[in-house]
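Novice: Structure: upload_7.cif, mmCIF, C-alpha atoms.
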```cif
data_model
loop_
_atom_site.label_atom_id
_atom_site.label_comp_id
_atom_site.auth_asym_id
_atom_site.auth_seq_id
_atom_site.Cartn_x
_atom_site.Cartn_y
_atom_site.Cartn_z
CA MET S 124 -17.95 32.24 -12.25
CA VAL S 125 -15.11 34.18 -13.82
CA PRO S 126 -11.79 33.60 -12.01
CA VAL S 127 -10.76 36.42 -9.70
CA SER S 128 -7.50 36.75 -11.60
CA MET S 129 -9.45 37.68 -14.71
CA LYS S 130 -11.21 40.49 -12.88
CA GLN S 131 -7.91 41.74 -11.55
CA ALA S 132 -6.38 41.54 -15.00
CA GLY S 133 -9.20 43.64 -16.42
CA ARG S 134 -8.68 46.34 -13.82
CA ALA S 135 -4.93 46.24 -14.32
CA ALA S 136 -5.43 46.67 -18.05
CA LEU S 137 -7.67 49.66 -17.38
CA LEU S 138 -5.01 51.29 -15.23
CA VAL S 139 -2.43 50.76 -17.94
CA VAL S 140 -4.64 52.45 -20.48
CA LEU S 141 -5.50 55.27 -18.13
CA THR S 142 -1.84 56.04 -17.64
CA SER S 143 -1.40 56.23 -21.39
CA LEU S 144 -4.32 58.58 -21.97
CA SER S 145 -2.30 61.78 -21.73
CA PRO S 146 0.18 60.75 -24.44
CA LEU S 147 -2.80 59.85 -26.62
CA ALA S 148 -4.21 63.31 -26.20
CA ALA S 149 -0.81 64.84 -26.86
CA ARG S 150 -0.72 63.10 -30.22
CA GLY S 151 -3.95 64.79 -31.21
CA GLU S 152 -6.39 62.01 -30.31
CA VAL S 153 -10.09 62.63 -29.97
CA ALA S 154 -10.69 64.36 -26.65
CA ILE S 155 -12.46 62.11 -24.16
CA ARG S 156 -14.07 63.96 -21.31
CA PRO S 157 -12.97 62.56 -17.94
CA ALA S 158 -16.31 62.46 -16.13
CA GLN S 159 -18.90 61.05 -18.52
CA CYS S 160 -20.48 58.72 -15.99
CA THR S 161 -23.92 58.41 -17.56
CA VAL S 162 -24.67 55.62 -20.00
CA GLN S 163 -25.46 58.03 -22.79
CA GLY S 164 -22.39 60.15 -22.13
CA MET S 165 -20.10 57.15 -22.27
CA LEU S 166 -21.79 55.84 -25.40
CA ASP S 167 -21.24 59.20 -27.06
CA ASP S 168 -17.54 58.85 -26.25
CA VAL S 169 -17.50 55.30 -27.63
CA ARG S 170 -19.25 56.46 -30.78
CA GLN S 171 -16.79 59.28 -31.31
CA ALA S 172 -13.77 57.06 -30.66
CA MET S 173 -15.02 54.33 -33.01
CA LYS S 174 -15.25 56.89 -35.83
CA HIS S 175 -12.12 58.93 -35.26
CA GLY S 176 -9.90 57.32 -32.61
CA SER S 177 -6.82 55.14 -32.77
CA PRO S 178 -6.95 51.45 -31.79
CA ALA S 179 -5.56 52.36 -28.36
CA LEU S 180 -8.28 54.93 -27.75
CA LYS S 181 -10.96 52.52 -28.91
CA ARG S 182 -9.74 49.93 -26.43
CA TYR S 183 -9.72 52.54 -23.69
CA VAL S 184 -13.29 53.74 -24.13
CA LYS S 185 -14.62 50.18 -24.34
CA MET S 186 -12.74 49.18 -21.19
CA ARG S 187 -13.95 52.30 -19.40
CA LEU S 188 -17.54 51.52 -20.32
CA LYS S 189 -17.22 47.95 -19.01
CA GLU S 190 -15.77 49.16 -15.72
CA ALA S 191 -18.40 51.87 -15.32
CA ALA S 192 -21.21 49.45 -16.12
CA LEU S 193 -20.56 47.64 -12.85
CA ALA S 194 -21.92 50.65 -10.98
CA MET S 195 -24.66 51.58 -13.46
CA SER S 196 -28.24 50.36 -13.26
CA ALA S 197 -29.08 47.39 -15.45
CA GLU S 198 -32.22 49.20 -16.58
CA SER S 199 -30.31 52.12 -18.06
CA LEU S 200 -27.90 49.80 -19.87
CA LEU S 201 -30.73 47.68 -21.27
CA ALA S 202 -32.64 50.75 -22.42
CA ALA S 203 -29.59 51.94 -24.34
CA TRP S 204 -29.10 48.43 -25.77
CA GLN S 205 -32.60 48.26 -27.19
CA GLY S 206 -32.22 51.48 -29.17
CA GLU S 207 -28.63 51.13 -30.41
CA ARG S 208 -28.10 50.60 -34.17
CA ASP S 209 -24.36 51.16 -34.60
CA PRO S 210 -22.60 47.74 -34.67
CA GLU S 211 -19.38 48.91 -32.98
CA VAL S 212 -21.23 50.73 -30.22
CA LEU S 213 -23.63 47.81 -29.82
CA GLU S 214 -20.70 45.43 -29.36
CA ALA S 215 -19.16 47.69 -26.70
CA LEU S 216 -22.50 48.00 -24.90
CA GLY S 217 -23.03 44.24 -25.11
CA ALA S 218 -19.59 43.64 -23.61
CA ALA S 219 -20.50 46.00 -20.76
CA LEU S 220 -23.73 44.09 -20.09
CA ALA S 221 -21.96 40.72 -20.26
CA THR S 222 -19.24 41.94 -17.88
CA LYS S 223 -21.88 43.15 -15.44
CA ALA S 224 -23.63 39.78 -15.71
CA SER S 225 -20.37 38.00 -14.96
CA ASN S 226 -19.38 40.16 -12.01
CA THR S 227 -22.82 40.23 -10.41
CA GLY S 228 -23.71 36.59 -11.03
CA ALA S 229 -26.79 37.58 -13.04
CA PRO S 230 -26.67 35.60 -16.32
CA GLY S 231 -30.15 36.83 -17.20
CA LEU S 232 -28.56 40.13 -18.20
CA ILE S 233 -27.27 38.54 -21.40
CA GLN S 234 -30.75 37.48 -22.54
CA PRO S 235 -31.20 40.67 -24.63
CA LEU S 236 -27.87 39.94 -26.34
CA LEU S 237 -29.02 36.44 -27.21
CA ALA S 238 -32.38 37.68 -28.45
CA ARG S 239 -30.72 40.20 -30.72
CA ALA S 240 -28.12 37.69 -31.90
CA VAL S 241 -30.91 35.56 -33.39
CA GLY S 242 -33.62 38.12 -34.03
CA ASP S 243 -32.14 41.29 -35.51
CA ALA S 244 -32.69 41.68 -39.25
CA ASP S 245 -29.25 43.30 -39.72
CA PRO S 246 -26.47 40.67 -39.82
CA ALA S 247 -23.90 43.24 -38.68
CA LEU S 248 -25.93 43.83 -35.52
CA ARG S 249 -26.43 40.10 -34.97
CA ALA S 250 -22.67 39.64 -35.19
CA ALA S 251 -22.08 42.57 -32.85
CA ALA S 252 -24.44 41.03 -30.29
CA VAL S 253 -22.50 37.75 -30.46
CA ARG S 254 -19.14 39.52 -30.14
CA GLY S 255 -20.44 41.31 -27.05
CA LEU S 256 -20.33 37.94 -25.27
CA ARG S 257 -16.59 37.49 -25.80
CA GLY S 258 -14.43 37.19 -22.71
CA VAL S 259 -17.14 36.00 -20.30
CA PRO S 260 -18.38 32.47 -19.46
CA SER S 261 -20.97 32.64 -22.24
CA VAL S 262 -21.46 28.87 -22.61
CA GLU S 263 -22.43 28.61 -18.95
CA PHE S 264 -24.64 31.70 -19.23
CA MET S 265 -26.49 30.27 -22.23
CA GLU S 266 -27.23 27.11 -20.24
CA LYS S 267 -28.45 29.15 -17.29
CA ASN S 268 -30.78 31.03 -19.65
CA GLY S 269 -32.45 27.73 -20.48
CA GLY S 270 -30.49 26.93 -23.62
CA VAL S 271 -33.07 28.80 -25.71
CA VAL S 272 -30.21 30.27 -27.78
CA THR S 273 -27.04 28.24 -28.26
CA TYR S 274 -23.85 28.55 -30.25
CA GLU S 275 -24.95 25.48 -32.23
CA GLN S 276 -27.90 27.56 -33.40
CA LEU S 277 -25.89 30.71 -34.02
CA VAL S 278 -23.22 28.94 -36.07
CA ARG S 279 -25.87 28.11 -38.67
CA ASP S 280 -26.60 31.81 -39.28
CA ALA S 281 -26.64 32.80 -42.94
CA SER S 282 -24.12 35.58 -42.25
CA PRO S 283 -20.40 34.66 -42.38
CA GLU S 284 -19.75 37.48 -39.91
CA VAL S 285 -22.02 35.89 -37.31
CA ARG S 286 -20.49 32.46 -37.83
CA ALA S 287 -16.99 33.89 -37.47
CA ALA S 288 -18.00 35.67 -34.26
CA VAL S 289 -19.21 32.36 -32.80
CA ALA S 290 -15.85 30.70 -33.47
CA GLU S 291 -13.88 33.66 -32.13
CA ASN S 292 -15.97 33.72 -28.95
CA LEU S 293 -15.37 30.05 -28.17
CA VAL S 294 -11.66 30.25 -28.93
CA ALA S 295 -11.31 33.29 -26.65
CA GLU S 296 -13.45 31.76 -23.90
CA SER S 297 -11.40 28.58 -23.83
CA ALA S 298 -8.04 30.36 -23.85
CA ASP S 299 -8.65 33.61 -21.97
CA VAL S 300 -11.37 32.75 -19.46
CA TYR S 301 -10.41 29.17 -18.60
CA SER S 302 -6.86 28.75 -19.94
CA GLY S 303 -7.99 25.68 -21.85
CA HIS S 304 -9.08 23.76 -18.74
CA ASP S 305 -12.88 23.90 -18.99
CA ARG S 306 -14.52 20.75 -20.28
CA GLY S 307 -17.86 22.41 -20.96
CA VAL S 308 -16.40 25.05 -23.28
CA SER S 309 -14.20 22.56 -25.13
CA GLU S 310 -17.08 20.14 -25.65
CA ALA S 311 -19.31 23.01 -26.76
CA ALA S 312 -16.71 23.89 -29.38
CA VAL S 313 -16.71 20.29 -30.64
CA SER S 314 -20.51 20.26 -30.84
CA VAL S 315 -20.59 23.62 -32.62
CA ALA S 316 -18.00 22.38 -35.13
CA ALA S 317 -20.17 19.34 -35.80
CA ALA S 318 -23.26 21.54 -36.24
CA SER S 319 -21.53 24.01 -38.55
CA GLU S 320 -22.00 23.87 -42.30
CA ASP S 321 -19.03 26.22 -42.72
CA PRO S 322 -15.86 24.07 -42.89
CA ALA S 323 -13.58 27.03 -42.17
CA VAL S 324 -15.44 27.84 -38.94
CA ALA S 325 -15.49 24.20 -37.85
CA ALA S 326 -11.78 23.88 -38.62
CA LYS S 327 -10.93 26.98 -36.58
CA LEU S 328 -12.77 25.60 -33.57
CA LEU S 329 -11.07 22.20 -33.70
CA ARG S 330 -7.66 23.66 -34.44
CA GLU S 331 -7.64 26.41 -31.79
CA VAL S 332 -9.80 25.29 -28.86
CA SER S 333 -8.02 23.16 -26.24
CA MET S 334 -9.11 19.52 -26.11
CA GLU S 335 -7.25 18.63 -22.92
CA ALA S 336 -10.41 18.18 -20.82
CA VAL S 337 -12.92 16.65 -23.25
CA GLY S 338 -14.71 13.36 -22.65
CA HIS S 339 -15.02 10.25 -24.79
CA GLU S 340 -18.12 11.33 -26.69
CA ALA S 341 -16.44 14.56 -27.79
CA VAL S 342 -13.37 12.62 -28.93
CA GLU S 343 -15.64 10.43 -31.04
CA GLN S 344 -17.23 13.53 -32.55
CA VAL S 345 -13.81 14.88 -33.49
CA THR S 346 -12.76 11.50 -34.90
CA ARG S 347 -15.77 11.50 -37.21
CA GLN S 348 -14.53 14.77 -38.69
CA LEU S 349 -11.52 12.87 -40.05
CA ARG S 350 -13.91 11.62 -42.73
CA SER S 351 -14.95 15.09 -43.84
CA GLU S 352 -14.76 15.87 -47.54
CA ASN S 353 -12.96 19.11 -46.66
CA PRO S 354 -9.19 18.65 -46.20
CA GLU S 355 -8.84 21.71 -43.94
CA LEU S 356 -11.40 20.23 -41.58
CA ARG S 357 -9.73 16.80 -41.64
CA ALA S 358 -6.39 18.43 -40.79
CA ALA S 359 -7.98 20.45 -37.97
CA ALA S 360 -9.56 17.30 -36.54
CA ALA S 361 -6.16 15.59 -36.61
CA THR S 362 -4.65 18.54 -34.75
CA ALA S 363 -7.44 18.39 -32.17
CA LEU S 364 -6.97 14.66 -31.57
CA GLY S 365 -3.34 15.33 -30.70
CA GLY S 366 -4.51 17.30 -27.66
CA VAL S 367 -7.03 14.89 -26.10
CA PRO S 368 -6.63 13.56 -22.52
CA GLY S 369 -4.28 10.67 -21.80
CA GLY S 370 -7.10 8.18 -21.38
CA GLU S 371 -8.17 8.80 -24.97
CA ALA S 372 -4.65 8.76 -26.42
CA ALA S 373 -4.54 5.15 -27.62
CA GLY S 374 -7.71 5.42 -29.67
CA ALA S 375 -6.76 8.82 -31.03
CA ARG S 376 -3.30 7.56 -31.99
CA GLY S 377 -4.80 4.64 -33.91
CA SER S 378 -7.16 6.96 -35.79
CA LEU S 379 -4.29 9.27 -36.73
CA VAL S 380 -2.14 6.40 -37.97
CA ASP S 381 -5.01 5.23 -40.18
CA LEU S 382 -5.52 8.79 -41.41
CA TYR S 383 -1.87 9.14 -42.32
CA ARG S 384 -1.85 5.88 -44.24
CA ASP S 385 -5.11 6.49 -46.11
CA ASP S 386 -5.33 10.24 -46.73
CA LYS S 387 -3.48 11.60 -49.75
CA ASP S 388 -3.58 15.29 -48.84
CA PRO S 389 -0.12 16.50 -47.68
CA ALA S 390 -1.55 19.01 -45.17
CA VAL S 391 -3.72 16.32 -43.59
CA ARG S 392 -0.81 13.91 -43.35
CA LYS S 393 1.33 16.64 -41.80
CA ALA S 394 -1.37 17.33 -39.19
CA ALA S 395 -1.65 13.61 -38.45
CA LEU S 396 2.08 13.42 -37.74
CA GLN S 397 1.83 16.40 -35.42
CA GLY S 398 -1.06 14.81 -33.56
CA ILE S 399 0.87 11.55 -33.14
CA ALA S 400 3.92 13.43 -31.85
CA ARG S 401 1.83 15.33 -29.32
CA LEU S 402 0.01 12.31 -27.92
CA GLY S 403 3.03 11.00 -26.07
CA GLN S 404 6.74 11.22 -26.59
CA SER S 405 7.42 7.75 -25.13
CA GLN S 406 5.35 5.99 -27.77
CA ALA S 407 5.39 8.55 -30.55
CA ALA S 408 8.89 7.75 -31.82
CA SER S 409 8.16 4.10 -32.64
CA VAL S 410 4.84 4.99 -34.25
CA LEU S 411 6.45 7.68 -36.39
CA GLU S 412 9.22 5.28 -37.42
CA SER S 413 6.60 2.78 -38.56
CA LEU S 414 5.15 5.38 -40.93
CA ARG S 415 8.40 6.06 -42.74
CA GLY S 416 8.07 5.16 -46.42
CA VAL S 417 4.28 5.44 -46.59
CA ASP S 418 4.81 8.75 -48.36
CA ARG S 419 8.46 9.45 -49.19
CA SER S 420 7.78 13.16 -49.52
CA MET S 421 6.80 13.23 -45.83
CA ASP S 422 9.83 11.35 -44.48
CA ALA S 423 11.69 14.60 -43.79
CA GLU S 424 8.72 15.70 -41.67
CA ILE S 425 8.95 12.45 -39.71
CA ASP S 426 12.68 12.95 -39.21
CA ALA S 427 12.08 16.46 -37.89
CA TRP S 428 9.60 15.18 -35.31
CA LEU S 429 11.94 12.39 -34.25
CA ASN S 430 14.77 14.86 -33.76
CA VAL S 431 12.61 17.17 -31.68
CA LEU S 432 11.27 14.36 -29.51
CA LYS S 433 14.84 13.36 -28.63
CA LEU S 434 15.24 16.73 -26.88
CA ASN S 435 12.69 15.67 -24.21
CA LEU S 436 11.15 19.13 -24.01
CA GLN S 437 8.34 19.24 -21.46
CA GLU S 438 6.14 21.98 -22.86
CA TRP S 439 4.25 21.41 -26.10
CA GLU S 440 4.74 24.99 -27.23
CA LEU S 441 8.49 24.53 -26.93
CA VAL S 442 8.29 21.29 -28.91
CA LEU S 443 6.27 22.97 -31.63
CA ARG S 444 8.61 25.95 -31.78
CA GLU S 445 11.68 23.75 -32.12
CA LYS S 446 10.00 21.66 -34.79
CA GLN S 447 9.17 24.78 -36.80
CA ARG S 448 12.78 25.91 -36.49
CA LEU S 449 14.03 22.61 -37.88
CA ARG S 450 11.68 22.72 -40.88
CA ARG S 451 12.39 26.31 -41.98
#
```
Show me the file's structure as structure tokens.
Specialist:
Amino acid sequence: MVPVSMKQAGRAALLVVLTSLSPLAARGEVAIRPAQCTVQGMLDDVRQAMKHGSPALKRYVKMRLKEAALAMSAESLLAAWQGERDPEVLEALGAALATKASNTGAPGLIQPLLARAVGDADPALRAAAVRGLRGVPSVEFMEKNGGVVTYEQLVRDASPEVRAAVAENLVAESADVYSGHDRGVSEAAVSVAAASEDPAVAAKLLREVSMEAVGHEAVEQVTRQLRSENPELRAAAATALGGVPGGEAAGARGSLVDLYRDDKDPAVRKAALQGIARLGQSQAASVLESLRGVDRSMDAEIDAWLNVLKLNLQEWELVLREKQRLRR
């Protein structure tokens, strides 16, 4: 279930955009008729805005379609979905279907999106179908649809656009739908990263999806990525290990210390230090001190972390911001 606050936020965002519609029109924007309440009428507006509208107008018509879809029949939406061939319009229509599925508790409504995400011959349309799932509990919905289509499967798509859409969906779902607190989404991101043959996609997932709720098996999966041949992926895994739950901190800390001592890539070593600093201020200082001299070029980085930790800041974002200020 999507949190009530998310539904309220969506409606609040719609009201904000509605209040800004007149200024948009005054600046010569594409005219959007106020009462296009049929599926086809709204899709015509989306199509027109995608071709000629500003980013603000594009956001408006997509939000309006999602809101209107709640009152429209699923049959009419699905009929339009089957015949649509424009990627931008397809994405907007998919988002409307996914929103309806979320608000009505009918995960079966996303089945056509999943079928198109794996079955359409056009990679742009496959990617659009995947992007249509952004902002809803898509991992849960996939499970409720029998797991016939999964992100692990989609991340192996030959199209870079589809693979990127998978990563962006999971990052957005973790942050925007669950505020980083959902174990299922975080563990799905770890599994998708392990399944991916695209190091950049795997690195994005590990670097940007919260690990605060993952279990031991997921931590082990992330730890194995420290042995990747790709330095970006090793660095992302080190960053991810810095955010694991307290019960996993000791093992993660040991893995990061070993990584720092053994890995010769400066970016990987830098990520290892960040992970160690994040795992616990009470123990981090002594561990960081023990690493001084392993790589003299990194000692200034260690000093910066030690100085920040002395401030006893409680929020990690504040710690990270202060650290970045010191190293400018």
Novice: Can you measure atom CA of S:Glu198 to atom CA of S:Gly258 for me? One decimal in Å is fine.
Specialist: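 Atom CA of S:Gly258 lies at a distance of 22.3 Å from atom CA of S:Glu198.
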Novice: Using the chain letters and numbering of this document, enumerate as a ChimeraX atom specification the residues selected by the PyMOL selection byres ((chain S and resi 411) around 9).
Specialist: /S:380,396,399-400,406-410,412-415,425-426,428-429
Novice: Apply the PyMOL selection byres ((chain S and resi 205) around 12) to the displayed file and report the matching residues as a list in words.
Specialist: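 Given this file, the PyMOL selection byres ((chain S and resi 205) around 12) evaluates to Glu198, Ser199, Leu200, Leu201, Ala202, Ala203, Trp204, Gly206, Glu207, Arg208, Asp209, Leu213, Leu216, Gly217, Gln234, Pro235, Leu236, Ala238, Arg239, Asp243, Leu248 and Ala252 of chain S.
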Novice: Take the point (-21.9, 44.2, -33.9) in the file's coordinates, draw a sphere of radius 7 Å around it, and report as a PyMOL selection string every protein, DNA or RNA residue with an atom inside or on it, counting only C-alpha atoms.
Specialist: chain S and resi 210-211+213-214+247-252+254
Novice: Restricted to C-alpha atoms, what would the selected residues look like written as an mmCIF file, in the frame of the given file?
Specialist:
```cif
data_model
loop_
_atom_site.group_PDB
_atom_site.id
_atom_site.type_symbol
_atom_site.label_atom_id
_atom_site.label_comp_id
_atom_site.auth_asym_id
_atom_site.auth_seq_id
_atom_site.Cartn_x
_atom_site.Cartn_y
_atom_site.Cartn_z
ATOM 1 C CA PRO S 210 -22.600 47.740 -34.670
ATOM 2 C CA GLU S 211 -19.380 48.910 -32.980
ATOM 3 C CA LEU S 213 -23.630 47.810 -29.820
ATOM 4 C CA GLU S 214 -20.700 45.430 -29.360
ATOM 5 C CA ALA S 247 -23.900 43.240 -38.680
ATOM 6 C CA LEU S 248 -25.930 43.830 -35.520
ATOM 7 C CA ARG S 249 -26.430 40.100 -34.970
ATOM 8 C CA ALA S 250 -22.670 39.640 -35.190
ATOM 9 C CA ALA S 251 -22.080 42.570 -32.850
ATOM 10 C CA ALA S 252 -24.440 41.030 -30.290
ATOM 11 C CA ARG S 254 -19.140 39.520 -30.140
#
```
Novice: So the first atom is atom CA of S:Glu320 and the second is atom CA of S:Asp280; what is the distance between them in Å, to one decimal place?
Specialist: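 Atom-to-atom, atom CA of S:Glu320 to atom CA of S:Asp280, that is 9.7 Å.
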Novice: With distances taken over all atoms listed in the file, which residue among S:Ala358, S:Ala172, S:Val308, S:Ala318 lies nearest S:Ala336?
Specialist: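 With all atoms listed in the file as the atom set, the closest residue is S:Val308.
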Novice: Under the PyMOL selection byres ((chain S and resi 290) around 9), which residues of this model are included? Write them out as a list in words.
Specialist: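 When the PyMOL selection byres ((chain S and resi 290) around 9) is applied, the selected residues are Tyr274, Val278, Val285, Arg286, Ala287, Ala288, Val289, Glu291, Asn292, Leu293, Val294, Ala295, Ala312, Val315, Ala316, Val324, Ala325, Lys327 and Leu328 of chain S.
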Novice: Grab the atom CA of S:Ala394 to atom CA of S:Ala361 distance for me, in Å with one decimal place.
Specialist: 5.7 Å
Novice: Which residue out of S:Gln437, S:Thr362, S:Ser405, S:Ser319 has the minimum interatomic distance to S:Ala390 when all atoms listed in the file are used?
Specialist: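 Ranking S:Gln437, S:Thr362, S:Ser405, S:Ser319 by distance to S:Ala390, first place goes to S:Thr362.
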Novice: With distances taken over all atoms listed in the file, which residue among S:Ala224, S:Ala281, S:Leu180, S:Met173 lies nearest S:Lys267?
Specialist: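 Of S:Ala224, S:Ala281, S:Leu180, S:Met173, the one nearest S:Lys267, counting all atoms listed in the file, is S:Ala224.
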Novice: Would you kindly identify which residues have an atom no farther than 10 Å from (-8.8, 18.4, -45.6), using all atoms listed in the file and the file's own coordinates, and write them out as a CSV table (one decimal) with C-alpha atoms, keeping the file's coordinate frame?
Specialist:
```
chain,number,residue,atom,x,y,z
S,322,PRO,CA,-15.9,24.1,-42.9
S,326,ALA,CA,-11.8,23.9,-38.6
S,348,GLN,CA,-14.5,14.8,-38.7
S,349,LEU,CA,-11.5,12.9,-40.0
S,350,ARG,CA,-13.9,11.6,-42.7
S,351,SER,CA,-15.0,15.1,-43.8
S,352,GLU,CA,-14.8,15.9,-47.5
S,353,ASN,CA,-13.0,19.1,-46.7
S,354,PRO,CA,-9.2,18.6,-46.2
S,355,GLU,CA,-8.8,21.7,-43.9
S,356,LEU,CA,-11.4,20.2,-41.6
S,357,ARG,CA,-9.7,16.8,-41.6
S,358,ALA,CA,-6.4,18.4,-40.8
S,359,ALA,CA,-8.0,20.4,-38.0
S,360,ALA,CA,-9.6,17.3,-36.5
S,361,ALA,CA,-6.2,15.6,-36.6
S,386,ASP,CA,-5.3,10.2,-46.7
S,387,LYS,CA,-3.5,11.6,-49.8
S,388,ASP,CA,-3.6,15.3,-48.8
S,389,PRO,CA,-0.1,16.5,-47.7
S,390,ALA,CA,-1.6,19.0,-45.2
S,391,VAL,CA,-3.7,16.3,-43.6
S,392,ARG,CA,-0.8,13.9,-43.4
S,394,ALA,CA,-1.4,17.3,-39.2
```
